[in-house]
Amino acid sequence: MTSVPRTVRRGAWGIAAWACGLFFFLPFAWMVLTSLHAEPDAATNPPSVGAALTLQGYREFFGVGTGASPWPPLINSLTASVMSTVLVLALATPAAYALSIKPVRKWTDVLFFFLSTKMLPAVAGLLPVYLIAKNAGMLDNIWLLVILYTSMNLPVAVWMMRSFLAEVPVEILEAAAIDGAGLPTVLVRIVGPVAAPGIAATALISFIFSWNELLFARVLTGVVAGTAPVFLTGFVTSQGLFLAKVCAAAVCVSLPVLVAGFAAQDKLVQGLSLGAVK
């Protein structure tokens, strides 16, 4: 029985990879196409693929003729996501350093504690968080979201960063210690450049989680600190679901995450493979 040639196997794997990629890309492409249709064409069943294209959904999203501007929610989402990501990296890097390169006693228990914080469903902690925020006078405050997103993403970031920092050569750190470098210098000038792909991957995932969070933002914010996902839910009204307008809004809200993903895709691939099992 003859074996399949190597070129045929590689070609089959390539076709399978393209098919898988197109399968996951199809819903987004369909959403973009629907956003370019008028409401009557978008609401047909089955949807009309060859209908005339229009930018009316995008004009309504950006408040042209309606006065409802999406910029305050988008700026709030950007502020909360970026600030929480910076705080997550600032806290997760030294914590991961202590759990991987310079392990503390019972570091496995520490990792399990971090993981256990993700076992509670978010909705179960919603009421206590709401009461604490209300008593502290922080409802409808963007800094409350920054604190919440930092605490929610920190356990995942520590787990990821630990696997990345475990790949840093110990010899480099020993040489730095001989030269008299302190912990801040080691983290910034040695560990940072070596683990840059892992840090980029952690930052991107933290940003995506923060940008897409809806539950806490929907309950804890209002007019002042409302985020983009909360603004997006406002397009589903009692008058019905305007599909073209919702798709246009969803495309615009997804663009920052897509841009960040494409900008950091090389670092993301390197980072996710950095902590892989050899």
# chains A, B, ... in the order shown; residues from 1 in each chain; ligands from 1

call {"tool": "closest_atom_pairs", "arguments": {"of": "stretch 81-171 of chain A", "to": "stretch 202-219 of chain A", "cutoff": "10 Å", "atoms": "only C-alpha atoms", "output": "tab-separated table"}}
result
residue	atom	partner	partner_atom	distance
A:Ser81	CA	A:Ser210	CA	5.1
A:Val82	CA	A:Phe207	CA	6.6
A:Met83	CA	A:Phe207	CA	9.3
A:Ser84	CA	A:Ser210	CA	7.6
A:Thr85	CA	A:Ser206	CA	5.8
A:Val86	CA	A:Ala203	CA	7.8
A:Val88	CA	A:Ser206	CA	7.7
A:Leu89	CA	A:Ala203	CA	6.9
A:Ala92	CA	A:Thr202	CA	9.5
A:Ala122	CA	A:Leu215	CA	8.1
A:Val123	CA	A:Leu215	CA	7.7
A:Gly125	CA	A:Phe216	CA	9.8
A:Leu126	CA	A:Phe216	CA	7.1
A:Leu127	CA	A:Val219	CA	9.6
A:Val129	CA	A:Phe216	CA	8.9
A:Tyr130	CA	A:Val219	CA	7.9
A:Leu139	CA	A:Val219	CA	9.1
A:Asp140	CA	A:Ala217	CA	8.7
A:Asn141	CA	A:Ala217	CA	9.9
A:Ile142	CA	A:Ala217	CA	9.2
A:Leu144	CA	A:Ala217	CA	9.5
A:Leu145	CA	A:Ala217	CA	7.1
A:Val146	CA	A:Ser210	CA	8.8
A:Leu148	CA	A:Phe216	CA	8.4
A:Tyr149	CA	A:Ser210	CA	5.9
A:Thr150	CA	A:Ser210	CA	8.5
A:Met152	CA	A:Ser210	CA	8.8
A:Asn153	CA	A:Ser206	CA	6.0
A:Leu154	CA	A:Ser206	CA	8.4
A:Val156	CA	A:Ser206	CA	8.4
A:Ala157	CA	A:Thr202	CA	5.9
A:Val158	CA	A:Thr202	CA	9.0
A:Trp159	CA	A:Thr202	CA	9.7
A:Met160	CA	A:Thr202	CA	6.7
A:Met161	CA	A:Thr202	CA	7.1
A:Phe164	CA	A:Thr202	CA	9.6

call {"tool": "select_by_dssp", "arguments": {"residues": "stretch 187-246 of chain A", "states": "alpha helix (DSSP H)", "output": "PyMOL selection string"}}
result
chain A and resi 192-194+196-212+215-220+228-233+243-246

call {"tool": "residues_around", "arguments": {"residues": "A:Ala248", "least_positions_apart": "3", "cutoff": "6 Å", "atoms": "only C-alpha atoms", "output": "list in words"}}
result
Ser35, Gly57, Tyr58, Lys245 and Val251 of chain A

call {"tool": "atom_distance", "arguments": {"atom1": "atom CA of A:Val49", "atom2": "atom CA of A:Gly261"}}
result
28.5 Å

call {"tool": "residues_around", "arguments": {"residues": "stretch 21-29 of chain A", "least_positions_apart": "3", "cutoff": "10 Å", "atoms": "only C-alpha atoms", "output": "mmCIF file with C-alpha atoms, in the first residue's frame"}}
result
data_model
loop_
_atom_site.group_PDB
_atom_site.id
_atom_site.type_symbol
_atom_site.label_atom_id
_atom_site.label_comp_id
_atom_site.auth_asym_id
_atom_site.auth_seq_id
_atom_site.Cartn_x
_atom_site.Cartn_y
_atom_site.Cartn_z
ATOM 1 C CA ILE A 15 -7.267 23.440 1.827
ATOM 2 C CA ALA A 16 -8.641 22.368 5.223
ATOM 3 C CA ALA A 17 -7.062 25.409 6.897
ATOM 4 C CA TRP A 18 -8.549 27.778 4.314
ATOM 5 C CA VAL A 32 -20.807 43.486 6.863
ATOM 6 C CA LEU A 33 -22.953 42.719 3.815
ATOM 7 C CA THR A 34 -26.173 43.058 5.812
ATOM 8 C CA SER A 35 -25.006 46.403 7.218
ATOM 9 C CA CYS A 247 -25.122 45.103 11.868
ATOM 10 C CA ALA A 250 -21.698 45.849 15.361
ATOM 11 C CA VAL A 251 -19.160 46.312 12.552
ATOM 12 C CA SER A 254 -15.752 45.409 16.281
#

call {"tool": "closest_residue", "arguments": {"among": "A:Ala68, A:Ala200, A:Ala38, A:Leu220", "to": "A:Gln56", "atoms": "only C-alpha atoms"}}
result
A:Ala38

call {"tool": "closest_residue", "arguments": {"among": "A:Gly63, A:Phe262, A:His37, A:Leu78", "to": "A:Ala51", "atoms": "only C-alpha atoms"}}
result
A:His37

call {"tool": "atom_distance", "arguments": {"atom1": "atom CA of A:Pro73", "atom2": "atom CA of A:Gly226"}}
result
5.4 Å

call {"tool": "atom_distance", "arguments": {"atom1": "atom CA of A:Glu60", "atom2": "atom CA of A:Leu36"}}
result
12.1 Å

call {"tool": "residues_around", "arguments": {"residues": "stretch 166-179 of chain A", "least_positions_apart": "5", "cutoff": "10 Å", "atoms": "only C-alpha atoms", "output": "number ranges by chain"}}
result
A: 96-97, 99-102, 161, 185-187, 189-192, 194-195, 274-276

call {"tool": "write_last_selection", "arguments": {"atoms": "C-alpha atoms", "output": "PDB file, in the first residue's frame"}}
result
ATOM      1  CA  ALA A  96       4.292  35.897  37.040  1.00  0.00           C
ATOM      2  CA  TYR A  97       7.990  36.566  37.651  1.00  0.00           C
ATOM      3  CA  LEU A  99       5.677  32.351  40.214  1.00  0.00           C
ATOM      4  CA  SER A 100       8.014  31.227  37.421  1.00  0.00           C
ATOM      5  CA  ILE A 101      11.542  32.636  37.504  1.00  0.00           C
ATOM      6  CA  LYS A 102      11.751  33.229  41.258  1.00  0.00           C
ATOM      7  CA  MET A 161       2.480  35.467  31.711  1.00  0.00           C
ATOM      8  CA  THR A 185      15.824  46.829  35.970  1.00  0.00           C
ATOM      9  CA  VAL A 186      15.509  43.093  35.354  1.00  0.00           C
ATOM     10  CA  LEU A 187      11.790  43.349  34.603  1.00  0.00           C
ATOM     11  CA  ARG A 189      15.324  45.895  30.484  1.00  0.00           C
ATOM     12  CA  ILE A 190      15.752  42.109  30.416  1.00  0.00           C
ATOM     13  CA  VAL A 191      12.503  40.223  30.967  1.00  0.00           C
ATOM     14  CA  GLY A 192      10.410  42.746  29.019  1.00  0.00           C
ATOM     15  CA  VAL A 194      12.700  38.749  25.874  1.00  0.00           C
ATOM     16  CA  ALA A 195       9.032  38.110  26.735  1.00  0.00           C
ATOM     17  CA  LEU A 274       6.357  30.935  23.393  1.00  0.00           C
ATOM     18  CA  GLY A 275       4.771  29.050  26.246  1.00  0.00           C
ATOM     19  CA  ALA A 276       3.995  25.950  24.249  1.00  0.00           C
TER      20      ALA A 276
END
